[in-house]
$ cat protein01.txt   # compact mmCIF, C-alpha atoms
# COMPACT_ATOMS: atom_id res chain seq x y z
CA LEU A 1 79.03 59.39 192.41
CA ASP A 2 80.56 62.72 191.44
CA TYR A 3 79.69 62.18 187.77
CA PHE A 4 76.01 62.33 188.60
CA ASN A 5 76.44 65.91 189.79
CA LEU A 6 77.86 67.00 186.43
CA ASP A 7 74.60 66.80 184.49
CA ALA A 8 71.27 68.21 185.68
CA ARG A 9 69.42 65.48 183.75
CA LEU A 10 70.68 63.01 186.38
CA ASP A 11 69.42 65.00 189.37
CA ALA A 12 66.53 62.58 190.00
CA VAL A 13 68.75 59.47 189.89
CA GLU A 14 69.04 57.88 193.36
CA THR A 15 69.93 54.26 192.62
CA ILE A 16 73.09 53.37 190.71
CA TYR A 17 73.92 49.84 189.58
CA TYR A 18 77.54 49.03 188.82
CA LEU A 19 78.37 46.00 186.65
CA ASP A 20 81.89 44.84 185.76
CA ILE A 21 82.60 44.77 182.03
CA ASP A 22 82.64 40.95 182.02
CA ILE A 23 79.04 40.62 183.19
CA MET A 24 76.43 39.69 180.60
CA ALA A 25 72.76 40.55 180.95
CA ALA A 26 70.94 37.37 179.96
CA ASN A 27 67.46 38.64 180.85
CA GLY A 28 65.72 41.99 181.28
CA LEU A 29 67.16 44.02 184.14
CA GLY A 30 64.04 45.94 185.16
CA ARG A 31 62.37 43.16 187.14
CA MET A 32 65.62 42.28 188.92
CA PHE A 33 66.20 45.91 189.90
CA GLU A 34 62.65 46.25 191.25
CA GLU A 35 62.86 43.01 193.22
CA LEU A 36 66.26 43.82 194.75
CA GLU A 37 65.18 47.34 195.67
CA SER A 38 62.06 46.00 197.39
CA LYS A 39 63.67 42.99 199.08
CA TYR A 40 66.70 44.84 200.46
CA GLY A 41 65.11 48.26 201.09
CA VAL A 42 67.20 50.22 198.59
CA LEU A 43 66.26 53.90 198.71
CA LYS A 44 63.99 55.31 196.03
CA PRO A 45 64.26 58.92 194.81
CA HIS A 46 63.26 61.43 197.51
CA GLU A 47 63.16 58.76 200.25
CA LYS A 48 65.12 59.26 203.44
CA ARG A 49 66.22 56.97 206.26
CA ASN A 50 66.45 57.86 209.93
CA ASP A 51 69.59 55.85 210.72
CA PHE A 52 72.01 57.98 208.63
CA LEU A 53 74.10 54.92 207.73
CA SER A 54 76.01 54.78 204.47
CA ARG A 55 75.04 51.66 202.50
CA MET A 56 76.20 49.60 199.54
CA TYR A 57 74.68 46.33 198.34
CA PHE A 58 76.63 43.30 197.03
CA PHE A 59 75.88 39.77 195.85
CA THR A 60 77.25 36.67 197.60
CA PRO A 61 80.63 35.44 196.28
CA LEU A 62 81.61 31.94 195.20
CA SER A 63 84.56 31.60 197.51
CA LYS A 64 84.47 31.77 201.29
CA GLU A 65 87.70 33.75 200.97
CA TRP A 66 85.58 36.83 200.20
CA PRO A 67 82.61 38.11 202.20
CA LEU A 68 81.05 39.91 199.22
CA GLN A 69 81.19 39.77 195.41
CA GLY A 70 82.55 43.12 194.19
CA GLY A 71 81.83 42.68 190.46
CA THR A 72 78.38 44.22 190.73
CA PHE A 73 76.90 46.42 193.39
CA ILE A 74 74.18 48.93 194.12
CA LEU A 75 74.83 52.47 195.31
CA GLU A 76 72.39 54.88 196.86
CA ARG A 77 73.37 58.31 195.65
CA SER A 78 72.35 59.98 198.90
CA THR A 79 73.97 57.50 201.31
CA SER A 80 76.72 55.41 199.71
CA ARG A 81 79.55 57.94 199.51
CA HIS A 82 81.13 57.10 202.89
CA CYS A 83 81.24 53.33 202.17
CA LEU A 84 82.55 53.94 198.66
CA GLU A 85 85.32 56.20 199.97
CA LEU A 86 86.31 53.62 202.61
CA TRP A 87 86.63 51.04 199.84
CA ARG A 88 88.55 53.40 197.57
CA ASN A 89 90.97 54.30 200.38
CA GLU A 90 91.64 50.61 201.01
CA ILE A 91 92.21 50.04 197.28
CA ASP A 92 94.70 52.93 197.31
CA ASP A 93 96.47 51.44 200.33
CA PHE A 94 96.69 48.06 198.59
CA ALA A 95 97.90 49.57 195.30
CA ASN A 96 101.58 49.13 196.18
CA THR A 97 101.25 45.61 197.54
CA GLU A 98 101.60 42.35 195.69
CA ARG A 99 97.92 41.51 196.16
CA GLY A 100 96.05 44.72 195.64
CA ARG A 101 92.72 43.72 194.18
CA ASP A 102 89.44 45.47 194.83
CA GLN A 103 88.16 42.27 196.49
CA ASP A 104 90.93 42.45 199.10
CA ALA A 105 90.08 46.06 199.84
CA LEU A 106 86.36 45.27 200.09
CA ALA A 107 87.07 42.39 202.49
CA LYS A 108 89.11 44.75 204.66
CA VAL A 109 86.23 47.25 204.88
CA TYR A 110 83.83 44.39 205.63
CA ASN A 111 86.08 43.15 208.45
CA ARG A 112 86.37 46.63 209.94
CA ILE A 113 82.57 46.76 210.10
CA GLU A 114 82.34 43.24 211.57
CA PHE A 115 84.83 44.16 214.31
CA GLU A 116 82.96 47.44 214.94
CA GLU A 117 85.97 49.53 213.98
CA GLU A 118 83.69 51.17 211.40
CA THR A 119 80.15 52.10 212.46
CA GLN A 120 78.92 54.46 209.74
CA CYS A 121 78.93 52.01 206.82
CA GLU A 122 76.77 48.95 206.15
CA LEU A 123 77.64 46.51 203.37
CA VAL A 124 74.45 44.59 202.62
CA ARG A 125 74.91 41.03 201.35
CA MET A 126 72.25 40.02 198.81
CA GLU A 127 71.44 36.42 197.93
CA ASN A 128 72.30 35.48 194.35
CA GLU A 129 69.10 33.49 193.71
CA ASN A 130 68.47 33.57 189.94
CA TYR A 131 69.73 37.15 189.71
CA ILE A 132 73.37 36.31 189.04
CA ALA A 133 75.40 33.24 188.12
CA LEU A 134 79.12 33.03 188.86
CA PRO A 135 80.00 29.95 186.79
CA THR A 136 82.75 27.51 187.64
CA PRO A 137 83.71 24.34 185.75
CA ARG A 138 81.57 22.37 188.23
CA THR A 139 78.46 24.58 187.88
CA PHE A 140 78.73 25.76 184.28
CA ASP A 141 76.59 23.00 182.77
CA SER A 142 73.80 23.68 185.28
CA ILE A 143 73.08 27.12 183.79
CA ASP A 144 69.58 26.65 182.39
CA SER A 145 69.31 28.08 178.88
CA LEU A 146 65.51 28.12 179.21
CA ASN A 147 65.72 30.19 182.40
CA TYR A 148 68.98 32.11 182.38
CA PRO A 149 69.86 34.08 185.49
CA THR A 150 69.53 37.80 184.87
CA LEU A 151 73.30 38.34 185.06
CA ILE A 152 76.13 35.96 184.19
CA HIS A 153 79.60 36.86 185.46
CA ILE A 154 82.34 34.76 183.90
CA SER A 155 85.08 36.52 185.79
CA ASN A 156 88.77 36.41 185.00
CA SER A 157 89.39 34.12 187.93
CA VAL A 158 90.93 30.78 188.67
CA PHE A 159 87.41 29.31 188.54
CA ALA A 160 86.51 30.55 185.07
CA LYS A 161 89.88 29.75 183.53
CA ARG A 162 89.06 26.06 183.86
CA ILE A 163 85.78 26.33 181.95
CA ASP A 164 86.03 24.86 178.47
CA GLU A 165 86.53 27.70 175.95
CA GLN A 166 84.01 26.26 173.47
CA LYS A 167 81.37 26.02 176.22
CA GLN A 168 82.01 29.67 177.14
CA SER A 169 81.72 30.71 173.50
CA ASN A 170 78.49 28.72 173.01
CA LEU A 171 76.94 30.36 176.06
CA ILE A 172 78.00 33.84 174.94
CA ASN A 173 76.62 33.23 171.45
CA ASP A 174 73.31 32.08 172.89
CA VAL A 175 72.96 34.86 175.48
CA LEU A 176 73.88 37.56 172.95
CA GLN A 177 71.66 35.87 170.32
CA LEU A 178 74.39 36.17 167.70
CA THR A 179 73.62 35.23 164.14
CA LYS A 180 75.70 32.56 162.41
CA GLU A 181 77.35 35.33 160.38
CA GLU A 182 78.31 37.27 163.54
CA GLN A 183 79.69 34.12 165.12
CA GLU A 184 81.72 33.22 162.04
CA SER A 185 83.13 36.75 161.77
CA GLY A 186 85.26 36.04 164.84
CA LYS A 187 84.48 39.51 166.24
CA TYR A 188 81.90 38.39 168.78
CA GLY A 189 81.11 35.57 171.14
CA LYS A 190 84.60 34.40 172.01
CA ALA A 191 85.55 32.80 175.33
CA ILE A 192 86.05 35.42 178.02
CA VAL A 193 88.92 33.76 179.85
CA ARG A 194 91.44 31.13 178.90
CA VAL A 195 93.80 28.93 180.87
CA GLY A 196 96.85 30.90 179.70
CA ASP A 197 95.40 34.30 180.77
CA ARG A 198 96.80 36.00 183.84

$ encode --input "protein01.txt" --output "structure tokens"
Amino acid sequence: LDYFNLDARLDAVETIYYLDIDIMAANGLGRMFEELESKYGVLKPHEKRNDFLSRMYFFTPLSKEWPLQGGTFILERSTSRHCLELWRNEIDDFANTERGRDQDALAKVYNRIEFEEETQCELVRMENENYIALPTPRTFDSIDSLNYPTLIHISNSVFAKRIDEQKQSNLINDVLQLTKEEQESGKYGKAIVRVGDR
């Protein structure tokens, strides 16, 4: 959030969308942003709330191991700082452990809220609907090329590593609308994750 204070041209920005680098936009983002903001009550510029809670918004994860999917989230510039700092502090605490991923830290913050140890932060869980797909080998073939979800997150996870590399590449080529020449160049449209990746 601090970066937004470094340039006066960003003074009117209230809503910030974070997307991991391995998320592809398969459709226009504008409609999705508008619908999520309306459905989940995300603050608009110059709006205020009376409850003074810090809020962040997350999609629903694939695995029941995690309460929220941390690969994409929405921040409200005026309210989200407290939640974001809680998450960052947990990430810092996990940094020296064997399992120090951002998902672990997010789950810890979520649990602190659930057990009412933290009362100033709300982590809003959004339904994935057709906004985001988190493909697995079992669900990969069900992604409808005529009606792609807005976002496709082929994460570097145990799920995605089992997706056939050629299927991943074909999807990427289609979503990115690569020409035959671009595909053959070998520079674009390659599988995101492979079985041998860590």

$ atom_distance --input "protein01.txt" --atom1 "atom CA of A:Gly41" --atom2 "atom CA of A:Glu129"
17.0 Å

$ residues_around --input "protein01.txt" --residues "A:Tyr148" --least-positions-apart "3" --cutoff "7 Å" --atoms "all atoms listed in the file" --output "NGL selection string"
:A and (26-27 or 143-145)

$ atom_distance --input "protein01.txt" --atom1 "atom CA of A:Ser142" --atom2 "atom CA of A:Lys180"
24.6 Å

$ closest_residue --input "protein01.txt" --among "A:Val42, A:Leu123, A:Leu10, A:Ile23" --to "A:Ala107" --atoms "only C-alpha atoms"
A:Leu123

$ residues_around --input "protein01.txt" --residues "A:Asp93" --least-positions-apart "3" --cutoff "12 Å" --atoms "all atoms listed in the file" --output "compact mmCIF listing (two decimals) with C-alpha atoms, in the frame of the given file"
# COMPACT_ATOMS: atom_id res chain seq x y z
CA LEU A 86 86.31 53.62 202.61
CA TRP A 87 86.63 51.04 199.84
CA ARG A 88 88.55 53.40 197.57
CA ASN A 89 90.97 54.30 200.38
CA GLU A 90 91.64 50.61 201.01
CA ASN A 96 101.58 49.13 196.18
CA THR A 97 101.25 45.61 197.54
CA GLU A 98 101.60 42.35 195.69
CA ARG A 99 97.92 41.51 196.16
CA GLY A 100 96.05 44.72 195.64
CA ARG A 101 92.72 43.72 194.18
CA ASP A 102 89.44 45.47 194.83
CA ASP A 104 90.93 42.45 199.10
CA ALA A 105 90.08 46.06 199.84
CA LEU A 106 86.36 45.27 200.09
CA LYS A 108 89.11 44.75 204.66
CA VAL A 109 86.23 47.25 204.88

$ build_atoms --input "protein01.txt" --residues "stretch 56-67 of chain A" --atoms "all heavy atoms" --output "PDB file, in the frame of the given file"
ATOM      1  N   MET A  56      75.959  50.168 200.870  1.00  0.00           N
ATOM      2  CA  MET A  56      76.200  49.600 199.540  1.00  0.00           C
ATOM      3  C   MET A  56      75.685  48.164 199.587  1.00  0.00           C
ATOM      4  O   MET A  56      75.676  47.540 200.646  1.00  0.00           O
ATOM      5  CB  MET A  56      77.692  49.626 199.186  1.00  0.00           C
ATOM      6  CG  MET A  56      78.249  51.020 198.960  1.00  0.00           C
ATOM      7  SD  MET A  56      80.044  51.014 198.645  1.00  0.00           S
ATOM      8  CE  MET A  56      80.121  50.208 197.046  1.00  0.00           C
ATOM      9  N   TYR A  57      75.298  47.643 198.426  1.00  0.00           N
ATOM     10  CA  TYR A  57      74.680  46.330 198.340  1.00  0.00           C
ATOM     11  C   TYR A  57      75.479  45.457 197.373  1.00  0.00           C
ATOM     12  O   TYR A  57      75.763  45.875 196.252  1.00  0.00           O
ATOM     13  CB  TYR A  57      73.246  46.461 197.827  1.00  0.00           C
ATOM     14  CG  TYR A  57      72.392  47.378 198.680  1.00  0.00           C
ATOM     15  CD1 TYR A  57      72.498  48.766 198.569  1.00  0.00           C
ATOM     16  CD2 TYR A  57      71.495  46.867 199.597  1.00  0.00           C
ATOM     17  CE1 TYR A  57      71.725  49.613 199.343  1.00  0.00           C
ATOM     18  CE2 TYR A  57      70.715  47.703 200.378  1.00  0.00           C
ATOM     19  CZ  TYR A  57      70.838  49.078 200.246  1.00  0.00           C
ATOM     20  OH  TYR A  57      70.079  49.912 201.017  1.00  0.00           O
ATOM     21  N   PHE A  58      75.789  44.217 197.808  1.00  0.00           N
ATOM     22  CA  PHE A  58      76.630  43.300 197.030  1.00  0.00           C
ATOM     23  C   PHE A  58      76.014  41.908 196.989  1.00  0.00           C
ATOM     24  O   PHE A  58      75.373  41.480 197.952  1.00  0.00           O
ATOM     25  CB  PHE A  58      78.020  43.172 197.659  1.00  0.00           C
ATOM     26  CG  PHE A  58      78.811  44.438 197.683  1.00  0.00           C
ATOM     27  CD1 PHE A  58      78.676  45.334 198.734  1.00  0.00           C
ATOM     28  CD2 PHE A  58      79.693  44.737 196.661  1.00  0.00           C
ATOM     29  CE1 PHE A  58      79.407  46.511 198.765  1.00  0.00           C
ATOM     30  CE2 PHE A  58      80.432  45.908 196.686  1.00  0.00           C
ATOM     31  CZ  PHE A  58      80.288  46.799 197.745  1.00  0.00           C
ATOM     32  N   PHE A  59      76.291  41.170 195.913  1.00  0.00           N
ATOM     33  CA  PHE A  59      75.880  39.770 195.850  1.00  0.00           C
ATOM     34  C   PHE A  59      76.861  38.907 196.648  1.00  0.00           C
ATOM     35  O   PHE A  59      77.927  39.346 197.053  1.00  0.00           O
ATOM     36  CB  PHE A  59      75.815  39.289 194.400  1.00  0.00           C
ATOM     37  CG  PHE A  59      74.585  39.766 193.679  1.00  0.00           C
ATOM     38  CD1 PHE A  59      74.681  40.684 192.643  1.00  0.00           C
ATOM     39  CD2 PHE A  59      73.329  39.304 194.042  1.00  0.00           C
ATOM     40  CE1 PHE A  59      73.552  41.127 191.972  1.00  0.00           C
ATOM     41  CE2 PHE A  59      72.189  39.740 193.391  1.00  0.00           C
ATOM     42  CZ  PHE A  59      72.310  40.654 192.351  1.00  0.00           C
ATOM     43  N   THR A  60      76.466  37.651 196.848  1.00  0.00           N
ATOM     44  CA  THR A  60      77.250  36.670 197.600  1.00  0.00           C
ATOM     45  C   THR A  60      78.317  36.071 196.687  1.00  0.00           C
ATOM     46  O   THR A  60      78.005  35.666 195.568  1.00  0.00           O
ATOM     47  CB  THR A  60      76.314  35.572 198.128  1.00  0.00           C
ATOM     48  OG1 THR A  60      75.297  36.197 198.916  1.00  0.00           O
ATOM     49  CG2 THR A  60      77.053  34.561 198.966  1.00  0.00           C
ATOM     50  N   PRO A  61      79.566  35.978 197.130  1.00  0.00           N
ATOM     51  CA  PRO A  61      80.630  35.440 196.280  1.00  0.00           C
ATOM     52  C   PRO A  61      80.628  33.917 196.227  1.00  0.00           C
ATOM     53  O   PRO A  61      79.962  33.254 197.014  1.00  0.00           O
ATOM     54  CB  PRO A  61      81.902  35.943 196.970  1.00  0.00           C
ATOM     55  CG  PRO A  61      81.520  35.987 198.409  1.00  0.00           C
ATOM     56  CD  PRO A  61      80.065  36.392 198.442  1.00  0.00           C
ATOM     57  N   LEU A  62      81.424  33.385 195.304  1.00  0.00           N
ATOM     58  CA  LEU A  62      81.610  31.940 195.200  1.00  0.00           C
ATOM     59  C   LEU A  62      82.472  31.402 196.324  1.00  0.00           C
ATOM     60  O   LEU A  62      82.184  30.379 196.925  1.00  0.00           O
ATOM     61  CB  LEU A  62      82.328  31.607 193.892  1.00  0.00           C
ATOM     62  CG  LEU A  62      81.523  31.607 192.627  1.00  0.00           C
ATOM     63  CD1 LEU A  62      82.436  31.344 191.446  1.00  0.00           C
ATOM     64  CD2 LEU A  62      80.444  30.562 192.687  1.00  0.00           C
ATOM     65  N   SER A  63      83.542  32.086 196.579  1.00  0.00           N
ATOM     66  CA  SER A  63      84.560  31.600 197.510  1.00  0.00           C
ATOM     67  C   SER A  63      84.325  32.148 198.914  1.00  0.00           C
ATOM     68  O   SER A  63      83.954  33.302 199.086  1.00  0.00           O
ATOM     69  CB  SER A  63      85.938  32.051 197.011  1.00  0.00           C
ATOM     70  OG  SER A  63      86.911  31.841 198.005  1.00  0.00           O
ATOM     71  N   LYS A  64      84.581  31.314 199.897  1.00  0.00           N
ATOM     72  CA  LYS A  64      84.470  31.770 201.290  1.00  0.00           C
ATOM     73  C   LYS A  64      85.616  32.708 201.655  1.00  0.00           C
ATOM     74  O   LYS A  64      85.608  33.318 202.709  1.00  0.00           O
ATOM     75  CB  LYS A  64      84.448  30.566 202.218  1.00  0.00           C
ATOM     76  CG  LYS A  64      83.192  29.760 202.018  1.00  0.00           C
ATOM     77  CD  LYS A  64      83.045  28.672 203.026  1.00  0.00           C
ATOM     78  CE  LYS A  64      81.684  28.080 202.767  1.00  0.00           C
ATOM     79  NZ  LYS A  64      81.376  26.855 203.220  1.00  0.00           N
ATOM     80  N   GLU A  65      86.593  32.829 200.746  1.00  0.00           N
ATOM     81  CA  GLU A  65      87.700  33.750 200.970  1.00  0.00           C
ATOM     82  C   GLU A  65      87.213  35.195 201.009  1.00  0.00           C
ATOM     83  O   GLU A  65      87.803  36.047 201.658  1.00  0.00           O
ATOM     84  CB  GLU A  65      88.742  33.579 199.861  1.00  0.00           C
ATOM     85  CG  GLU A  65      89.940  34.483 199.994  1.00  0.00           C
ATOM     86  CD  GLU A  65      90.948  34.280 198.858  1.00  0.00           C
ATOM     87  OE1 GLU A  65      90.718  33.459 197.959  1.00  0.00           O
ATOM     88  OE2 GLU A  65      91.975  34.971 198.903  1.00  0.00           O
ATOM     89  N   TRP A  66      86.104  35.475 200.295  1.00  0.00           N
ATOM     90  CA  TRP A  66      85.580  36.830 200.200  1.00  0.00           C
ATOM     91  C   TRP A  66      84.204  36.912 200.849  1.00  0.00           C
ATOM     92  O   TRP A  66      83.361  36.059 200.627  1.00  0.00           O
ATOM     93  CB  TRP A  66      85.461  37.251 198.726  1.00  0.00           C
ATOM     94  CG  TRP A  66      86.675  36.955 197.932  1.00  0.00           C
ATOM     95  CD1 TRP A  66      86.790  36.047 196.927  1.00  0.00           C
ATOM     96  CD2 TRP A  66      87.971  37.534 198.085  1.00  0.00           C
ATOM     97  NE1 TRP A  66      88.072  36.037 196.440  1.00  0.00           N
ATOM     98  CE2 TRP A  66      88.818  36.939 197.144  1.00  0.00           C
ATOM     99  CE3 TRP A  66      88.498  38.501 198.944  1.00  0.00           C
ATOM    100  CZ2 TRP A  66      90.149  37.275 197.016  1.00  0.00           C
ATOM    101  CZ3 TRP A  66      89.822  38.840 198.819  1.00  0.00           C
ATOM    102  CH2 TRP A  66      90.641  38.242 197.867  1.00  0.00           C
ATOM    103  N   PRO A  67      83.931  37.967 201.588  1.00  0.00           N
ATOM    104  CA  PRO A  67      82.610  38.110 202.200  1.00  0.00           C
ATOM    105  C   PRO A  67      81.538  38.599 201.225  1.00  0.00           C
ATOM    106  O   PRO A  67      80.356  38.343 201.404  1.00  0.00           O
ATOM    107  CB  PRO A  67      82.837  39.137 203.308  1.00  0.00           C
ATOM    108  CG  PRO A  67      84.017  39.933 202.854  1.00  0.00           C
ATOM    109  CD  PRO A  67      84.872  38.986 202.055  1.00  0.00           C
TER     110      PRO A  67
END
